[in-house]
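**Q** What follows is structure_29.txt; its format and atoms are compact mmCIF, C-alpha atoms.
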# COMPACT_ATOMS: atom_id res chain seq x y z
CA MET A 8 -160.85 85.30 43.83
CA LEU A 9 -159.68 84.63 47.37
CA PHE A 10 -157.13 87.48 47.23
CA ASN A 11 -157.05 90.66 45.22
CA GLN A 12 -153.67 92.11 44.17
CA ALA A 13 -153.26 94.15 47.36
CA GLY A 14 -154.19 91.15 49.46
CA LEU A 15 -151.58 88.99 47.77
CA ILE A 16 -148.87 91.57 48.41
CA ILE A 17 -149.76 91.71 52.11
CA PHE A 18 -149.91 87.91 52.31
CA PHE A 19 -146.45 87.44 50.82
CA ALA A 20 -145.01 90.24 52.96
CA ILE A 21 -146.25 88.54 56.12
CA SER A 22 -144.93 85.18 54.91
CA ILE A 23 -141.47 86.64 54.34
CA ILE A 24 -141.42 88.14 57.84
CA LEU A 25 -142.50 84.88 59.49
CA CYS A 26 -139.98 82.78 57.58
CA SER A 27 -137.06 85.19 57.68
CA CYS A 28 -135.56 83.72 60.85
CA ASP A 29 -135.20 80.28 59.32
CA LYS A 30 -132.30 81.46 57.15
CA VAL A 31 -130.07 83.90 58.98
CA SER A 32 -126.31 84.04 59.24
CA GLU A 33 -124.55 83.41 62.54
CA GLU A 34 -123.84 87.12 62.80
CA ASP A 35 -127.53 88.06 62.58
CA ASP A 36 -129.85 88.05 65.57
CA CYS A 37 -133.20 86.38 65.09
CA PRO A 38 -135.84 88.11 67.23
CA LEU A 39 -137.42 85.92 69.88
CA GLN A 40 -140.87 84.79 68.70
CA CYS A 41 -142.40 84.79 72.22
CA ILE A 42 -142.56 87.12 75.22
CA PRO A 43 -139.84 86.20 77.78
CA ALA A 44 -140.83 85.48 81.35
CA ASN A 45 -138.11 87.95 82.41
CA PRO A 46 -137.24 90.37 79.57
CA ASP A 47 -134.32 91.87 81.53
CA ILE A 48 -132.21 88.70 81.27
CA PRO A 49 -129.66 88.76 78.40
CA GLY A 50 -130.31 86.25 75.64
CA THR A 51 -127.19 84.10 75.28
CA GLY A 52 -128.51 80.56 74.90
CA ASP A 53 -128.48 78.34 71.84
CA PRO A 54 -132.16 78.00 70.80
CA THR A 55 -131.37 74.89 68.74
CA LEU A 56 -130.74 72.78 71.87
CA GLU A 57 -133.54 70.44 72.92
CA TRP A 58 -135.14 72.87 75.36
CA VAL A 59 -138.58 71.30 74.84
CA THR A 60 -138.97 67.63 75.76
CA PRO A 61 -141.65 65.17 74.69
CA VAL A 62 -144.58 64.63 77.05
CA ALA A 63 -143.63 62.13 79.77
CA GLY A 64 -147.07 61.45 81.23
CA GLY A 65 -147.45 60.64 84.91
CA THR A 66 -150.01 60.90 87.71
CA ARG A 67 -151.72 64.31 87.79
CA THR A 68 -148.88 65.61 85.62
CA GLU A 69 -148.98 68.33 82.97
CA HIS A 70 -146.45 69.36 80.33
CA HIS A 71 -146.04 73.08 79.61
CA VAL A 72 -143.64 75.52 77.99
CA PHE A 73 -142.67 79.07 78.87
CA CYS A 74 -140.73 81.68 76.97
CA SER A 75 -137.11 82.00 78.09
CA GLY A 76 -135.15 85.12 77.24
CA ALA A 77 -131.91 83.45 78.39
CA ALA A 78 -132.38 80.38 76.16
CA GLN A 79 -133.88 82.55 73.40
CA THR A 80 -136.68 80.05 72.84
CA GLU A 81 -139.46 78.16 74.60
CA VAL A 82 -138.43 75.83 77.42
CA SER A 83 -140.56 72.97 78.70
CA TYR A 84 -141.26 71.61 82.16
CA HIS A 85 -143.53 68.98 83.69
CA ILE A 86 -145.53 69.75 86.80
CA TYR A 87 -147.34 67.48 89.24
CA ILE A 88 -150.49 69.10 90.66
CA PRO A 89 -151.92 67.46 93.80
CA GLU A 90 -155.62 66.78 94.12
CA ALA A 91 -155.84 69.31 96.95
CA TYR A 92 -154.87 72.10 94.54
CA ASN A 93 -158.25 71.73 92.85
CA THR A 94 -160.34 70.97 95.93
CA GLN A 95 -158.88 73.85 97.99
CA PRO A 96 -159.03 76.81 95.57
CA SER A 97 -157.99 79.41 98.17
CA GLN A 98 -154.96 77.48 99.39
CA LYS A 99 -151.38 78.22 98.38
CA PHE A 100 -148.97 75.32 98.02
CA PRO A 101 -145.23 74.79 98.47
CA VAL A 102 -143.20 73.80 95.42
CA MET A 103 -140.54 71.15 95.02
CA TYR A 104 -138.19 71.39 92.05
CA TRP A 105 -136.95 67.93 91.09
CA LEU A 106 -133.82 67.96 88.93
CA HIS A 107 -133.03 64.97 86.73
CA GLY A 108 -129.66 63.28 86.32
CA SER A 109 -127.52 63.03 83.22
CA GLY A 110 -128.43 61.12 80.08
CA GLN A 111 -128.02 60.99 76.31
CA GLY A 112 -131.28 62.81 75.56
CA PRO A 113 -134.35 64.18 77.34
CA VAL A 114 -134.29 62.59 80.80
CA ILE A 115 -138.02 62.21 81.38
CA SER A 116 -138.54 58.47 81.76
CA GLY A 117 -138.54 58.66 85.56
CA ILE A 118 -141.31 61.27 85.81
CA PRO A 119 -144.27 58.80 85.75
CA PHE A 120 -142.68 56.74 88.55
CA LEU A 121 -141.84 59.79 90.65
CA THR A 122 -145.26 61.42 90.31
CA ASP A 123 -146.95 58.16 91.28
CA TYR A 124 -144.59 57.85 94.26
CA PHE A 125 -145.22 61.40 95.47
CA ASP A 126 -148.97 61.13 94.87
CA ASN A 127 -149.14 58.00 97.05
CA ALA A 128 -147.04 59.66 99.75
CA ILE A 129 -149.41 62.67 99.82
CA SER A 130 -152.49 60.40 99.88
CA GLU A 131 -151.04 58.50 102.85
CA GLY A 132 -150.25 61.72 104.73
CA LEU A 133 -146.51 61.11 104.66
CA ILE A 134 -145.79 64.48 103.03
CA PRO A 135 -147.98 67.58 102.65
CA PRO A 136 -149.64 68.39 99.33
CA MET A 137 -147.24 70.27 97.08
CA LEU A 138 -146.60 71.19 93.47
CA ILE A 139 -143.64 69.32 91.99
CA VAL A 140 -141.86 70.84 89.00
CA PHE A 141 -139.58 68.82 86.73
CA PRO A 142 -137.35 71.26 84.78
CA ASN A 143 -135.46 70.34 81.63
CA SER A 144 -131.68 70.53 81.21
CA PRO A 145 -130.80 69.75 77.59
CA VAL A 146 -127.75 67.77 76.51
CA ARG A 147 -125.31 69.72 74.36
CA SER A 148 -123.26 68.19 71.55
CA LEU A 149 -119.61 69.19 71.19
CA GLY A 150 -118.00 67.43 68.24
CA ASP A 151 -118.56 63.71 68.74
CA ARG A 152 -119.30 64.10 72.44
CA ASN A 153 -122.45 64.90 74.40
CA ILE A 154 -121.87 67.41 77.18
CA ILE A 155 -124.04 67.36 80.29
CA THR A 156 -124.84 70.67 81.92
CA MET A 157 -124.55 69.81 85.64
CA TRP A 158 -127.43 72.32 85.89
CA VAL A 159 -125.03 75.29 85.74
CA ASP A 160 -124.55 77.94 83.05
CA SER A 161 -121.94 76.89 80.53
CA LYS A 162 -118.81 79.03 80.28
CA ASP A 163 -119.88 80.37 76.88
CA LEU A 164 -123.48 80.80 78.15
CA LYS A 165 -124.88 78.79 75.23
CA SER A 166 -126.68 76.57 77.72
CA PRO A 167 -127.62 78.95 80.58
CA VAL A 168 -129.51 76.28 82.51
CA GLU A 169 -129.04 77.71 86.01
CA THR A 170 -130.24 81.14 84.87
CA VAL A 171 -133.27 79.61 83.16
CA VAL A 172 -134.31 77.72 86.30
CA ILE A 173 -133.54 80.29 89.01
CA LYS A 174 -134.34 83.56 87.27
CA GLU A 175 -137.06 82.50 84.83
CA LEU A 176 -138.76 79.20 85.68
CA VAL A 177 -139.22 79.87 89.41
CA PRO A 178 -140.85 83.31 88.82
CA HIS A 179 -142.96 81.78 86.04
CA ILE A 180 -144.26 79.05 88.37
CA ASP A 181 -145.03 81.59 91.10
CA ALA A 182 -146.90 83.78 88.60
CA THR A 183 -148.84 80.88 87.07
CA TYR A 184 -149.81 78.76 90.08
CA ARG A 185 -150.93 79.37 93.66
CA THR A 186 -147.58 78.91 95.36
CA VAL A 187 -145.95 79.84 98.63
CA ALA A 188 -143.71 82.27 96.77
CA SER A 189 -140.82 82.49 99.22
CA ARG A 190 -137.68 80.60 100.15
CA GLU A 191 -139.64 78.88 102.93
CA GLY A 192 -142.13 77.57 100.37
CA ARG A 193 -139.60 75.96 98.01
CA ALA A 194 -137.61 72.74 98.06
CA LEU A 195 -134.89 71.40 95.78
CA ASP A 196 -134.27 67.73 95.18
CA GLY A 197 -132.83 65.63 92.41
CA PHE A 198 -130.93 62.58 91.25
CA SER A 199 -127.19 62.34 90.59
CA MET A 200 -126.30 65.47 88.59
CA GLY A 201 -129.53 67.05 89.81
CA GLY A 202 -128.80 66.18 93.42
CA VAL A 203 -125.39 67.86 93.28
CA TRP A 204 -126.84 71.11 91.94
CA SER A 205 -129.70 70.96 94.45
CA CYS A 206 -127.14 71.18 97.26
CA LYS A 207 -125.24 74.00 95.56
CA ALA A 208 -128.29 76.09 94.75
CA GLY A 209 -129.96 75.36 98.10
CA TYR A 210 -127.04 76.99 99.93
CA SER A 211 -126.33 79.81 97.50
CA GLU A 212 -129.88 80.87 96.70
Output the structure of this file as structure tokens.

**A**
Amino acid sequence: MLFNQAGLIIFFAISIILCSCDKVSEEDDCPLQCIPANPDIPGTGDPTLEWVTPVAGGTRTEHHVFCSGAAQTEVSYHIYIPEAYNTQPSQKFPVMYWLHGSGQGPVISGIPFLTDYFDNAISEGLIPPMLIVFPNSPVRSLGDRNIITMWVDSKDLKSPVETVVIKELVPHIDATYRTVASREGRALDGFSMGGVWSCKAGYSE
């Protein structure tokens, strides 16, 4: 037999533990199933929001997730990695954070165009080689309406987008990639909703 009696007991015990968070009341806290990038940040976010987007594709572009304590789940981002990052292994690179505008779902359709645009600009020497990170700001449903985040923490902190980006994603990128990990090595840019928050955060942070 594949399992003896003791083995079956252990197997079912593990299964119960792994599945227990699928059926919890609103009053119960489901423990986070990953290690947060910053464990000191309070977990207030709604983990059922679409924090992880589909893969967008794009020139030299990768799709990754990291564990967010604020969102209480994994959060995705896309990152453009210039050719020089691989050919100059001792070099550190500045980082641009490009923030998308509003939409009815994951706003990722512009990433292939943007990465191609930036890759051509770097190849032509118009801008220096840099990492470009495309964070994700999920849409939140409220009744029959979809609520955009404007890239700020919601009043009830169920969509703590600003906290996720500033206090978790930026440190995660600096810890994962060879970055110029200082204010002087970072840039903020974006479209529409993302452009507004870029100005706000650029001055305040």

**Q** Kindly give the distance, in Å, that separates CA of Gly50 in chain A and CA of Ser166 in chain A, rounded to a single decimal.

**A**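 These two atoms are separated by 10.5 Å.
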
**Q** Go ahead and find all residues with at least one atom no further than 8 Å from (-126.2, 66.3, 79.8) in the file's coordinates, using all atoms listed in the file; report them as number ranges by chain.

**A** A: 108-112, 144-147, 153-157

**Q** Just the residues within 10 Å of Asp123 in chain A, please, counting only C-alpha atoms, with nothing from its chain fewer than 6 positions along; format it as a list in words.

**A**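 These residues fall inside the cut-off: Gly65, Thr66, Arg67, Thr68, Tyr87 and Ile129 of chain A.
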
**Q** When you draw a straight line from CA of Ala91 in chain A to CA of Ile115 in chain A, how long is it in Å?

**A**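 CA of Ile115 in chain A lies 24.7 Å from CA of Ala91 in chain A.
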
**Q** How many Å lie between CA of Ala78 in chain A and CA of Leu176 in chain A, rounded to one decimal?

**A** 11.5 Å

**Q** Counting all atoms listed in the file, figure out which residue out of A:Phe125, A:Trp105, A:Phe120, A:Phe73 gets nearest to Val171 in chain A.

**A**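 Among the listed residues, the smallest separation from Val171 in chain A belongs to A:Phe73.
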
**Q** Counting all atoms listed in the file, which of A:Asn127, A:Val140, A:Ser148, A:Glu169 gets nearest to Gly197 in chain A?

**A**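 Smallest distance to Gly197 in chain A is found for A:Val140.
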
**Q** Missing atoms in range 122-136 of chain A: fill them in up to N, CA and C atoms and send the result as a tab-separated table (two decimals), in the coordinates of the input.

**A**
chain	number	residue	atom	x	y	z
A	122	THR	N	-143.97	60.79	90.01
A	122	THR	CA	-145.26	61.42	90.31
A	122	THR	C	-146.20	60.43	91.00
A	123	ASP	N	-146.14	59.18	90.61
A	123	ASP	CA	-146.95	58.16	91.28
A	123	ASP	C	-146.48	57.98	92.73
A	124	TYR	N	-145.17	57.99	92.92
A	124	TYR	CA	-144.59	57.85	94.26
A	124	TYR	C	-145.00	59.01	95.16
A	125	PHE	N	-144.86	60.23	94.66
A	125	PHE	CA	-145.22	61.40	95.47
A	125	PHE	C	-146.73	61.47	95.70
A	126	ASP	N	-147.52	61.10	94.71
A	126	ASP	CA	-148.97	61.13	94.87
A	126	ASP	C	-149.41	60.16	95.96
A	127	ASN	N	-148.81	58.97	95.99
A	127	ASN	CA	-149.14	58.00	97.05
A	127	ASN	C	-148.71	58.52	98.41
A	128	ALA	N	-147.54	59.14	98.48
A	128	ALA	CA	-147.04	59.66	99.75
A	128	ALA	C	-147.96	60.76	100.29
A	129	ILE	N	-148.47	61.62	99.40
A	129	ILE	CA	-149.41	62.67	99.82
A	129	ILE	C	-150.72	62.04	100.28
A	130	SER	N	-151.23	61.06	99.53
A	130	SER	CA	-152.49	60.40	99.88
A	130	SER	C	-152.41	59.71	101.25
A	131	GLU	N	-151.23	59.19	101.58
A	131	GLU	CA	-151.04	58.50	102.85
A	131	GLU	C	-150.66	59.44	103.99
A	132	GLY	N	-150.57	60.74	103.70
A	132	GLY	CA	-150.25	61.72	104.73
A	132	GLY	C	-148.80	61.74	105.14
A	133	LEU	N	-147.93	61.14	104.33
A	133	LEU	CA	-146.51	61.11	104.66
A	133	LEU	C	-145.82	62.43	104.36
A	134	ILE	N	-146.30	63.15	103.37
A	134	ILE	CA	-145.79	64.48	103.03
A	134	ILE	C	-146.99	65.38	102.74
A	135	PRO	N	-146.85	66.68	102.93
A	135	PRO	CA	-147.98	67.58	102.65
A	135	PRO	C	-148.20	67.75	101.16
A	136	PRO	N	-149.40	68.13	100.76
A	136	PRO	CA	-149.64	68.39	99.33
A	136	PRO	C	-148.71	69.50	98.83
